[in-house]
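Structure below is protein_30.cif: mmCIF, C-alpha atoms and all ligand atoms.
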data_final
loop_
_atom_site.group_PDB
_atom_site.id
_atom_site.type_symbol
_atom_site.label_atom_id
_atom_site.label_comp_id
_atom_site.auth_asym_id
_atom_site.auth_seq_id
_atom_site.Cartn_x
_atom_site.Cartn_y
_atom_site.Cartn_z
ATOM 1 C CA MET A 1 -4.483 -84.209 221.533
ATOM 2 C CA LEU A 2 -5.708 -80.838 222.621
ATOM 3 C CA THR A 3 -7.433 -78.977 219.855
ATOM 4 C CA MET A 4 -9.914 -76.162 219.665
ATOM 5 C CA ASN A 5 -13.443 -77.327 220.416
ATOM 6 C CA TYR A 6 -11.905 -79.843 222.744
ATOM 7 C CA THR A 7 -13.203 -79.395 226.233
ATOM 8 C CA TYR A 8 -13.007 -81.966 228.906
ATOM 9 C CA ARG A 9 -13.520 -82.561 232.543
ATOM 10 C CA ILE A 10 -11.770 -85.085 234.731
ATOM 11 C CA TYR A 11 -13.315 -87.192 237.462
ATOM 12 C CA PRO A 12 -10.551 -88.936 239.363
ATOM 13 C CA GLN A 13 -11.087 -91.738 241.819
ATOM 14 C CA PHE A 14 -14.110 -93.942 242.031
ATOM 15 C CA LYS A 15 -14.763 -96.194 244.981
ATOM 16 C CA ASP A 16 -17.172 -98.389 243.039
ATOM 17 C CA ASN A 17 -17.694 -99.077 239.392
ATOM 18 C CA PRO A 18 -19.658 -96.038 238.132
ATOM 19 C CA ILE A 19 -20.983 -97.836 235.057
ATOM 20 C CA ASP A 20 -24.145 -99.802 235.422
ATOM 21 C CA ASN A 21 -26.620 -100.955 232.790
ATOM 22 C CA SER A 22 -26.052 -98.261 230.176
ATOM 23 C CA PHE A 23 -25.770 -95.532 232.793
ATOM 24 C CA ILE A 24 -22.726 -93.821 234.235
ATOM 25 C CA LYS A 25 -22.857 -92.249 237.661
ATOM 26 C CA LEU A 26 -20.850 -89.034 237.857
ATOM 27 C CA PRO A 27 -20.192 -86.938 240.957
ATOM 28 C CA LYS A 28 -22.461 -83.871 241.191
ATOM 29 C CA ILE A 29 -24.176 -84.698 237.882
ATOM 30 C CA GLY A 30 -25.711 -88.044 238.735
ATOM 31 C CA LYS A 31 -26.784 -90.748 236.325
ATOM 32 C CA VAL A 32 -26.240 -90.139 232.630
ATOM 33 C CA ARG A 33 -27.402 -92.460 229.890
ATOM 34 C CA ILE A 34 -24.554 -93.926 227.819
ATOM 35 C CA ASN A 35 -23.930 -96.134 224.853
ATOM 36 C CA GLN A 36 -21.277 -98.446 226.254
ATOM 37 C CA HIS A 37 -18.861 -99.624 223.568
ATOM 38 C CA ARG A 38 -17.431 -102.526 225.543
ATOM 39 C CA PRO A 39 -17.747 -103.937 229.035
ATOM 40 C CA ILE A 40 -15.242 -103.299 231.779
ATOM 41 C CA PRO A 41 -13.317 -106.546 232.071
ATOM 42 C CA GLU A 42 -13.282 -108.505 235.265
ATOM 43 C CA GLY A 43 -10.527 -107.682 237.705
ATOM 44 C CA PHE A 44 -10.200 -104.090 236.554
ATOM 45 C CA ASN A 45 -10.940 -100.995 238.611
ATOM 46 C CA VAL A 46 -12.101 -97.692 237.208
ATOM 47 C CA LYS A 47 -9.256 -95.267 237.774
ATOM 48 C CA GLY A 48 -10.900 -92.165 236.406
ATOM 49 C CA VAL A 49 -13.335 -90.779 233.896
ATOM 50 C CA ARG A 50 -12.826 -87.941 231.449
ATOM 51 C CA ILE A 51 -15.795 -86.291 229.842
ATOM 52 C CA VAL A 52 -14.872 -85.096 226.378
ATOM 53 C CA SER A 53 -16.897 -83.116 223.899
ATOM 54 C CA ARG A 54 -16.469 -83.319 220.163
ATOM 55 C CA ALA A 55 -17.987 -81.738 217.082
ATOM 56 C CA ARG A 56 -18.757 -78.379 218.689
ATOM 57 C CA GLY A 57 -20.270 -79.911 221.756
ATOM 58 C CA THR A 58 -22.795 -82.092 219.933
ATOM 59 C CA ILE A 59 -21.089 -85.410 220.685
ATOM 60 C CA TRP A 60 -19.949 -86.363 224.156
ATOM 61 C CA TYR A 61 -17.705 -89.159 225.306
ATOM 62 C CA ALA A 62 -16.967 -90.562 228.703
ATOM 63 C CA VAL A 63 -13.424 -91.914 228.460
ATOM 64 C CA VAL A 64 -12.928 -94.487 231.174
ATOM 65 C CA THR A 65 -9.437 -95.334 232.379
ATOM 66 C CA ILE A 66 -9.230 -98.739 233.998
ATOM 67 C CA GLN A 67 -6.477 -100.410 235.933
ATOM 68 C CA CYS A 68 -5.541 -103.914 236.910
ATOM 69 C CA ASP A 69 -2.725 -104.813 239.262
ATOM 70 C CA VAL A 70 -1.024 -107.480 237.209
ATOM 71 C CA SER A 71 2.362 -107.000 235.740
ATOM 72 C CA VAL A 72 2.589 -108.306 232.200
ATOM 73 C CA PRO A 73 5.998 -108.776 230.633
ATOM 74 C CA ASP A 74 6.686 -107.170 227.284
ATOM 75 C CA PRO A 75 6.523 -109.675 224.416
ATOM 76 C CA PRO A 76 9.975 -111.197 223.767
ATOM 77 C CA PRO A 77 11.723 -110.925 220.391
ATOM 78 C CA VAL A 78 10.977 -114.362 219.029
ATOM 79 C CA GLY A 79 9.625 -115.935 215.879
ATOM 80 C CA ARG A 80 9.097 -114.612 212.382
ATOM 81 C CA GLY A 81 9.579 -110.905 211.773
ATOM 82 C CA ILE A 82 8.358 -108.389 209.227
ATOM 83 C CA GLY A 83 9.641 -104.933 208.389
ATOM 84 C CA ILE A 84 7.154 -102.263 207.444
ATOM 85 C CA ASP A 85 7.752 -99.349 205.104
ATOM 86 C CA ILE A 86 5.174 -96.629 205.620
ATOM 87 C CA GLY A 87 4.602 -94.227 202.784
ATOM 88 C CA LEU A 88 2.280 -92.260 200.591
ATOM 89 C CA LYS A 89 2.128 -94.321 197.421
ATOM 90 C CA SER A 90 1.067 -97.422 199.295
ATOM 91 C CA PHE A 91 -0.024 -96.841 202.835
ATOM 92 C CA LEU A 92 2.466 -99.530 203.731
ATOM 93 C CA VAL A 93 4.504 -102.344 202.212
ATOM 94 C CA THR A 94 5.978 -105.161 204.281
ATOM 95 C CA SER A 95 9.171 -107.113 203.761
ATOM 96 C CA ASP A 96 6.930 -109.915 202.408
ATOM 97 C CA ASN A 97 5.694 -107.472 199.765
ATOM 98 C CA PHE A 98 2.260 -107.362 201.354
ATOM 99 C CA GLN A 99 0.678 -104.019 200.518
ATOM 100 C CA VAL A 100 -1.996 -101.929 202.129
ATOM 101 C CA ARG A 101 -3.356 -99.252 199.840
ATOM 102 C CA PRO A 102 -4.395 -95.885 201.227
ATOM 103 C CA ALA A 103 -8.101 -96.148 201.938
ATOM 104 C CA ARG A 104 -10.122 -94.677 199.117
ATOM 105 C CA PHE A 105 -12.959 -93.427 201.231
ATOM 106 C CA PHE A 106 -10.685 -90.788 202.724
ATOM 107 C CA ARG A 107 -10.507 -88.982 199.435
ATOM 108 C CA ASP A 108 -14.287 -88.995 199.145
ATOM 109 C CA LEU A 109 -14.654 -87.687 202.670
ATOM 110 C CA GLN A 110 -11.992 -85.043 202.024
ATOM 111 C CA SER A 111 -13.763 -83.703 198.958
ATOM 112 C CA ARG A 112 -17.014 -83.632 200.895
ATOM 113 C CA LEU A 113 -15.180 -81.679 203.591
ATOM 114 C CA LYS A 114 -13.921 -79.114 201.084
ATOM 115 C CA GLU A 115 -17.418 -78.681 199.768
ATOM 116 C CA LEU A 116 -18.787 -78.058 203.264
ATOM 117 C CA GLN A 117 -15.976 -75.619 204.043
ATOM 118 C CA ARG A 118 -16.808 -73.664 200.903
ATOM 119 C CA LYS A 119 -20.385 -73.435 202.105
ATOM 120 C CA VAL A 120 -19.238 -72.036 205.440
ATOM 121 C CA SER A 121 -17.186 -69.360 203.714
ATOM 122 C CA ARG A 122 -20.223 -68.181 201.785
ATOM 123 C CA LYS A 123 -22.327 -67.640 204.923
ATOM 124 C CA LYS A 124 -22.364 -64.475 206.973
ATOM 125 C CA LYS A 125 -20.038 -64.977 209.904
ATOM 126 C CA ARG A 126 -21.753 -65.905 213.179
ATOM 127 C CA SER A 127 -25.172 -66.001 211.518
ATOM 128 C CA LYS A 128 -27.494 -68.917 212.255
ATOM 129 C CA ASN A 129 -26.770 -70.551 208.911
ATOM 130 C CA TRP A 130 -23.067 -70.094 209.448
ATOM 131 C CA GLU A 131 -23.338 -71.907 212.789
ATOM 132 C CA LYS A 132 -25.257 -74.728 211.128
ATOM 133 C CA ALA A 133 -22.696 -75.093 208.372
ATOM 134 C CA GLN A 134 -19.857 -75.035 210.904
ATOM 135 C CA LEU A 135 -21.507 -77.857 212.795
ATOM 136 C CA LEU A 136 -21.619 -80.014 209.650
ATOM 137 C CA VAL A 137 -17.908 -79.369 209.125
ATOM 138 C CA ALA A 138 -17.108 -80.304 212.723
ATOM 139 C CA ARG A 139 -19.150 -83.488 212.508
ATOM 140 C CA LEU A 140 -17.442 -84.537 209.309
ATOM 141 C CA HIS A 141 -14.015 -83.869 210.857
ATOM 142 C CA HIS A 142 -15.056 -86.121 213.691
ATOM 143 C CA ARG A 143 -16.191 -88.828 211.310
ATOM 144 C CA ILE A 144 -12.967 -88.647 209.296
ATOM 145 C CA SER A 145 -10.829 -89.034 212.401
ATOM 146 C CA ASN A 146 -12.890 -91.995 213.611
ATOM 147 C CA THR A 147 -12.723 -93.634 210.199
ATOM 148 C CA ARG A 148 -8.976 -93.165 210.083
ATOM 149 C CA LYS A 149 -8.475 -94.613 213.526
ATOM 150 C CA ASN A 150 -10.583 -97.600 212.579
ATOM 151 C CA PHE A 151 -8.532 -98.164 209.441
ATOM 152 C CA HIS A 152 -5.339 -97.982 211.519
ATOM 153 C CA PHE A 153 -6.648 -100.506 214.027
ATOM 154 C CA GLN A 154 -7.738 -102.959 211.360
ATOM 155 C CA THR A 155 -4.427 -102.642 209.546
ATOM 156 C CA SER A 156 -2.528 -103.211 212.802
ATOM 157 C CA HIS A 157 -4.455 -106.408 213.474
ATOM 158 C CA THR A 158 -3.872 -107.619 209.915
ATOM 159 C CA LEU A 159 -0.124 -107.141 210.406
ATOM 160 C CA CYS A 160 -0.181 -108.903 213.764
ATOM 161 C CA ASP A 161 -1.775 -111.899 212.024
ATOM 162 C CA GLN A 162 1.316 -112.159 209.843
ATOM 163 C CA ALA A 163 4.278 -112.197 212.228
ATOM 164 C CA GLU A 164 5.599 -112.448 215.762
ATOM 165 C CA MET A 165 7.929 -109.464 215.475
ATOM 166 C CA ILE A 166 7.135 -106.179 213.770
ATOM 167 C CA PHE A 167 9.697 -103.512 212.896
ATOM 168 C CA VAL A 168 8.955 -99.959 211.773
ATOM 169 C CA GLU A 169 11.158 -96.966 210.955
ATOM 170 C CA ASP A 170 11.746 -94.419 213.712
ATOM 171 C CA ILE A 171 11.163 -91.579 211.232
ATOM 172 C CA ASP A 172 9.649 -88.400 212.664
ATOM 173 C CA PHE A 173 6.567 -87.957 210.513
ATOM 174 C CA ARG A 174 5.993 -84.436 211.815
ATOM 175 C CA VAL A 175 9.130 -83.283 209.993
ATOM 176 C CA GLY A 176 7.780 -84.597 206.696
ATOM 177 C CA ALA A 177 4.424 -83.034 207.442
ATOM 178 C CA LYS A 178 6.063 -79.594 207.367
ATOM 179 C CA GLY A 179 7.393 -80.184 203.866
ATOM 180 C CA PHE A 180 5.661 -80.300 200.515
ATOM 181 C CA LEU A 181 3.996 -83.617 201.336
ATOM 182 C CA GLY A 182 2.522 -82.102 204.480
ATOM 183 C CA LYS A 183 -1.186 -82.351 203.853
ATOM 184 C CA GLN A 184 -1.025 -85.913 202.597
ATOM 185 C CA MET A 185 1.179 -87.033 205.441
ATOM 186 C CA LEU A 186 -1.115 -85.553 208.033
ATOM 187 C CA ASP A 187 -4.080 -87.191 206.299
ATOM 188 C CA GLY A 188 -2.352 -90.539 206.577
ATOM 189 C CA GLY A 189 -1.819 -89.979 210.275
ATOM 190 C CA PHE A 190 1.357 -92.078 210.163
ATOM 191 C CA GLY A 191 2.427 -91.107 213.667
ATOM 192 C CA GLN A 192 -0.893 -92.222 215.064
ATOM 193 C CA PHE A 193 -0.724 -95.441 213.083
ATOM 194 C CA ARG A 194 2.692 -96.355 214.466
ATOM 195 C CA GLN A 195 1.488 -95.646 217.978
ATOM 196 C CA LEU A 196 -1.643 -97.773 217.550
ATOM 197 C CA LEU A 197 0.377 -100.538 215.930
ATOM 198 C CA SER A 198 2.754 -100.666 218.881
ATOM 199 C CA TRP A 199 -0.126 -100.995 221.277
ATOM 200 C CA VAL A 200 -1.967 -103.629 219.240
ATOM 201 C CA CYS A 201 1.317 -105.585 219.095
ATOM 202 C CA TRP A 202 1.690 -105.334 222.838
ATOM 203 C CA LYS A 203 -1.874 -106.436 223.384
ATOM 204 C CA ARG A 204 -1.505 -109.418 221.104
ATOM 205 C CA GLY A 205 1.862 -110.470 222.499
ATOM 206 C CA LYS A 206 3.876 -109.491 219.408
ATOM 207 C CA TYR A 207 7.292 -107.913 219.660
ATOM 208 C CA PHE A 208 7.372 -104.333 218.341
ATOM 209 C CA ALA A 209 10.445 -102.173 217.759
ATOM 210 C CA THR A 210 11.474 -99.167 215.746
ATOM 211 C CA VAL A 211 14.714 -99.071 213.780
ATOM 212 C CA ASP A 212 16.922 -96.292 212.420
ATOM 213 C CA HIS A 213 15.222 -94.773 209.376
ATOM 214 C CA LYS A 214 18.358 -93.404 207.698
ATOM 215 C CA TYR A 215 19.088 -94.625 204.177
ATOM 216 C CA THR A 216 16.456 -97.368 204.260
ATOM 217 C CA SER A 217 15.688 -96.596 200.614
ATOM 218 C CA GLN A 218 19.346 -96.465 199.595
ATOM 219 C CA ILE A 219 20.564 -99.875 200.655
ATOM 220 C CA CYS A 220 20.173 -103.202 198.901
ATOM 221 C CA PRO A 221 18.431 -105.616 201.289
ATOM 222 C CA GLU A 222 20.031 -108.551 199.525
ATOM 223 C CA CYS A 223 23.736 -107.639 199.636
ATOM 224 C CA GLY A 224 23.880 -104.447 201.728
ATOM 225 C CA THR A 225 25.362 -102.253 198.988
ATOM 226 C CA HIS A 226 24.573 -98.527 199.069
ATOM 227 C CA THR A 227 22.726 -97.973 195.824
ATOM 228 C CA GLY A 228 22.648 -94.177 196.178
ATOM 229 C CA ASN A 229 19.887 -91.705 196.737
ATOM 230 C CA LYS A 230 16.603 -92.399 195.001
ATOM 231 C CA GLU A 231 14.312 -89.595 193.874
ATOM 232 C CA LEU A 232 10.764 -89.876 195.200
ATOM 233 C CA THR A 233 9.594 -90.645 191.676
ATOM 234 C CA GLU A 234 11.957 -93.607 191.431
ATOM 235 C CA ARG A 235 9.754 -96.526 192.378
ATOM 236 C CA VAL A 236 12.090 -99.419 191.601
ATOM 237 C CA HIS A 237 15.143 -100.728 193.397
ATOM 238 C CA VAL A 238 17.810 -102.168 191.129
ATOM 239 C CA CYS A 239 21.082 -103.226 192.709
ATOM 240 C CA GLY A 240 24.132 -102.679 190.517
ATOM 241 C CA GLU A 241 26.122 -105.088 192.653
ATOM 242 C CA CYS A 242 23.950 -108.210 192.928
ATOM 243 C CA GLY A 243 21.217 -107.368 190.449
ATOM 244 C CA TYR A 244 18.398 -107.666 192.996
ATOM 245 C CA THR A 245 15.349 -105.902 191.614
ATOM 246 C CA THR A 246 12.080 -105.138 193.374
ATOM 247 C CA SER A 247 9.824 -102.209 194.171
ATOM 248 C CA ARG A 248 11.383 -99.394 196.159
ATOM 249 C CA ASP A 249 8.991 -99.809 199.100
ATOM 250 C CA HIS A 250 9.447 -103.578 199.268
ATOM 251 C CA ALA A 251 13.234 -103.099 199.359
ATOM 252 C CA SER A 252 12.868 -100.576 202.201
ATOM 253 C CA GLY A 253 10.611 -102.973 204.095
ATOM 254 C CA ARG A 254 13.279 -105.647 203.815
ATOM 255 C CA VAL A 255 16.038 -103.256 204.956
ATOM 256 C CA ILE A 256 13.877 -102.362 207.960
ATOM 257 C CA LEU A 257 13.418 -106.050 208.749
ATOM 258 C CA ASN A 258 17.177 -106.680 208.455
ATOM 259 C CA ARG A 259 17.874 -103.809 210.846
ATOM 260 C CA GLY A 260 15.218 -105.044 213.235
ATOM 261 C CA LEU A 261 16.625 -108.569 213.268
ATOM 262 C CA ASP A 262 20.118 -107.141 213.858
ATOM 263 C CA SER A 263 18.790 -105.206 216.832
ATOM 264 C CA VAL A 264 17.333 -108.156 218.699
ATOM 265 C CA VAL A 265 19.278 -110.792 220.507
ATOM 266 C CA PRO A 266 17.520 -114.125 220.226
ATOM 267 C CA VAL A 267 17.006 -115.696 223.589
ATOM 268 C CA ASP A 268 18.662 -119.118 224.012
ATOM 269 C CA GLY A 269 20.371 -119.156 220.661
ATOM 270 C CA GLY A 270 17.299 -118.367 218.620
ATOM 271 C CA GLU A 271 14.996 -120.939 220.160
ATOM 272 C CA TRP A 272 12.906 -119.132 222.649
ATOM 273 C CA LYS A 273 9.948 -121.251 223.548
ATOM 274 C CA LEU A 274 7.044 -120.051 225.578
ATOM 275 C CA SER A 275 5.901 -122.280 228.353
ATOM 276 C CA GLY A 276 2.548 -124.017 228.673
ATOM 277 C CA ASN A 277 0.149 -123.594 225.816
ATOM 278 C CA GLY A 278 2.476 -121.215 224.049
ATOM 279 C CA VAL A 279 0.915 -118.005 225.246
ATOM 280 C CA LEU A 280 2.008 -115.857 228.142
ATOM 281 C CA SER A 281 -0.805 -116.111 230.599
ATOM 282 C CA GLY A 282 -0.941 -112.381 231.235
ATOM 283 C CA VAL A 283 -1.115 -111.642 227.551
ATOM 284 C CA LEU A 284 -3.800 -114.237 227.071
ATOM 285 C CA CYS A 285 -5.834 -112.654 229.798
ATOM 286 C CA LEU A 286 -5.356 -109.215 228.320
ATOM 287 C CA ASP A 287 -6.065 -110.418 224.845
ATOM 288 C CA LYS A 288 -9.298 -111.901 226.040
ATOM 289 C CA CYS A 289 -10.508 -108.762 227.706
ATOM 290 C CA ARG A 290 -8.740 -106.468 225.221
ATOM 291 C CA SER A 291 -7.259 -104.282 227.875
ATOM 292 C CA ARG A 292 -4.037 -102.913 229.193
ATOM 293 C CA ASN A 293 -2.505 -103.435 232.573
ATOM 294 C CA ALA A 294 -1.316 -101.124 235.270
ATOM 295 C CA ASN A 295 2.028 -100.812 233.570
ATOM 296 C CA SER A 296 1.231 -97.104 233.329
ATOM 297 C CA ARG A 297 -0.512 -97.853 230.064
ATOM 298 C CA GLU A 298 -4.022 -96.596 229.791
ATOM 299 C CA LEU A 299 -6.970 -98.197 228.188
ATOM 300 C CA GLU A 300 -9.390 -95.736 226.835
ATOM 301 C CA ALA A 301 -12.744 -97.360 226.686
ATOM 302 C CA SER A 302 -14.672 -94.670 224.938
ATOM 303 C CA THR A 303 -18.224 -94.562 225.871
ATOM 304 C CA LEU A 304 -20.593 -92.476 223.868
ATOM 305 C CA LEU A 305 -23.029 -90.437 225.891
ATOM 306 C CA ARG A 306 -26.492 -90.418 224.508
HETATM 307 ZN ZN ZN B 401 22.430 -105.995 196.035
#
Please go through the file and, once you have read it, give me the structure as structure tokens.
Amino acid sequence: MLTMNYTYRIYPQFKDNPIDNSFIKLPKIGKVRINQHRPIPEGFNVKGVRIVSRARGTIWYAVVTIQCDVSVPDPPPVGRGIGIDIGLKSFLVTSDNFQVRPARFFRDLQSRLKELQRKVSRKKKRSKNWEKAQLLVARLHHRISNTRKNFHFQTSHTLCDQAEMIFVEDIDFRVGAKGFLGKQMLDGGFGQFRQLLSWVCWKRGKYFATVDHKYTSQICPECGTHTGNKELTERVHVCGECGYTTSRDHASGRVILNRGLDSVVPVDGGEWKLSGNGVLSGVLCLDKCRSRNANSRELEASTLLR
């Protein structure tokens, strides 16, 4: 996460809750006015605060890490599953053939970014106008990354609405990002999306797992036949063995689901019922307060300093 223009300061250990009525109390600095994005849930202690600056020091965040001493079990593999194929053509396609298109507004923001960068290059380096133009670039970068993260969160929740188990390829997106698709892949932020998806799944009590990514586009999900390597331009899967025909990404999604289902052992012969009202109490509690537990997982409640 470290980038240039990224400076931060850590305040570990707080005896009392430092946040109070849109103020945060920091050692040595004192009270600072904040725009609190969400309340600190009951039963949680503030473990530490990081002060982070963005957009060339014009936007500041207090990132609050909170902790709660409850141990919450990981969601069990139970219920309906979906496999998710992540890609460039569609942002993703599930084994149910549900598609999420790449968000259009990114392209608009990207072209605006290029325009601003051109302006910077025309200014005299380190002049006042150059500084001003640089600031606009930094702010837009910030906005793009926030917009992307938001899109990833919303998509994750949409997927969690659809199934109890979610399977994704274990592909290393950084490798692809070095190739000819690099720019686009980085723009998609696939690695970040998978990470956010796994945490949204955890929070909502859905089982999340990654599966082997090899040959997911070369196998028929219907009969398991190897259909051979597909070129990237080949968008359709046609099985010579069983005749199953569908879009390439949908077929991959189904192969991913098949692999995921093979990887889990159903508890109690497939019928794994949750006790009580059907929700693990810990998960319910966490879902309600939208937080993580002490299971060494951090909640970052970003708080914008005014
Ligand atoms: Zn087939």
Expressed in Å, the length from CA of Trp60 in chain A to CA of Ile34 in chain A is 9.6 Å
ask   = Do you know which residues are at most 8 Å from Gly79 in chain A counting only C-alpha atoms, after dropping those on the same chain fewer than 5 positions away, and could you put them as JSON, numbers by chain?
value = {"A": [163, 164, 165]}
request  = Evaluate the PyMOL selection byres (((not hetatm)) within 8 of (chain B and resi 401)) here and jot the selected residues down as a PyMOL selection string.
outcome  = chain A and resi 219-225+238-244
Contacts of range 205-210 of chain A at 7 Å (all atoms listed in the file; same-chain gap of 6+ positions) as a ChimeraX atom specification
/A:75-77,160,164-170,198,283
The centre and edge lengths of an axis-aligned box containing all atoms of range 76-80 of chain A present in the file, extended by 8 Å on each side, are to be given in Å to one decimal, as AutoDock Vina command-line options.
--center_x 10.4 --center_y -113.4 --center_z 218.1 --size_x 18.6 --size_y 21.0 --size_z 27.4
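Taken over the shown file, the PyMOL selection byres (((chain A and resi 155) around 10) and not hetatm) identifies A:Phe91, A:Leu92, A:Val100, A:Lys149, A:Asn150, A:Phe151, A:His152, A:Phe153, A:Gln154, A:Ser156, A:His157, A:Thr158, A:Leu159, A:Cys160, A:Asp161, A:Phe193, A:Leu196, A:Leu197.
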_For Pro102 in chain A, the nearest of the candidates A:His142, A:Arg259, A:Arg9, A:Arg148, counting only C-alpha atoms_ =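 Using only C-alpha atoms, Pro102 in chain A sits closest to A:Arg148.
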| task | For Leu113 in chain A, work out the shell of residues within 10 Å, counting only C-alpha atoms and skipping chain neighbours fewer than 3 positions away, then give it as a list in words. | result |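 Close residues of Leu113 in chain A: Arg107, Asp108, Leu109, Gln110, Leu116, Gln117, Arg118, Lys119, Leu136, Val137, Ala138, Arg139, Leu140, His141 and Ile144 of chain A.
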- [ ] Would you write out, as a ChimeraX atom specification, every residue that the PyMOL selection byres (((chain A and resi 237) around 9) and not hetatm) captures in this file?
- [x] /A:217-218,220,227,230,234-236,238-239,244-251
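Interatomic distance, CA of Ser95 in chain A against CA of Gly83 in chain A: 5.1 Å.
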Q: Find the residues near Arg56 in chain A: any atom within 9 Å, counting all atoms listed in the file, skip ones fewer than 2 places away on the same chain, and give them as a PyMOL selection string.
A: chain A and resi 5-6+53-54+58-59+134-135+138-139
Atoms to include: C-alpha atoms. Write the selected residues as a PDB file, in the coordinates of the input.
ATOM      1  CA  ASN A   5     -13.443 -77.327 220.416  1.00  0.00           C
ATOM      2  CA  TYR A   6     -11.905 -79.843 222.744  1.00  0.00           C
ATOM      3  CA  SER A  53     -16.897 -83.116 223.899  1.00  0.00           C
ATOM      4  CA  ARG A  54     -16.469 -83.319 220.163  1.00  0.00           C
ATOM      5  CA  THR A  58     -22.795 -82.092 219.933  1.00  0.00           C
ATOM      6  CA  ILE A  59     -21.089 -85.410 220.685  1.00  0.00           C
ATOM      7  CA  GLN A 134     -19.857 -75.035 210.904  1.00  0.00           C
ATOM      8  CA  LEU A 135     -21.507 -77.857 212.795  1.00  0.00           C
ATOM      9  CA  ALA A 138     -17.108 -80.304 212.723  1.00  0.00           C
ATOM     10  CA  ARG A 139     -19.150 -83.488 212.508  1.00  0.00           C
TER      11      ARG A 139
END
**Asked** If you measure from CA of Val64 in chain A to CA of Lys47 in chain A, what distance in Å do you get, rounded to one decimal?
**Response**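 Between CA of Val64 in chain A and CA of Lys47 in chain A the gap is 7.6 Å.
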For this session: Considering only C-alpha atoms, state which residue in the set A:Gln67, A:Ile51, A:Ile19, A:Arg143 is at the smallest distance from Pro39 in chain A.
Result: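 So, comparing all the options, the nearest one is A:Ile19.
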Taking 3 positions as the minimum chain separation for residues in the same chain, which residues sit within 8 Å of Gly191 in chain A when counting all atoms listed in the file? Answer as a count of residues only. 5
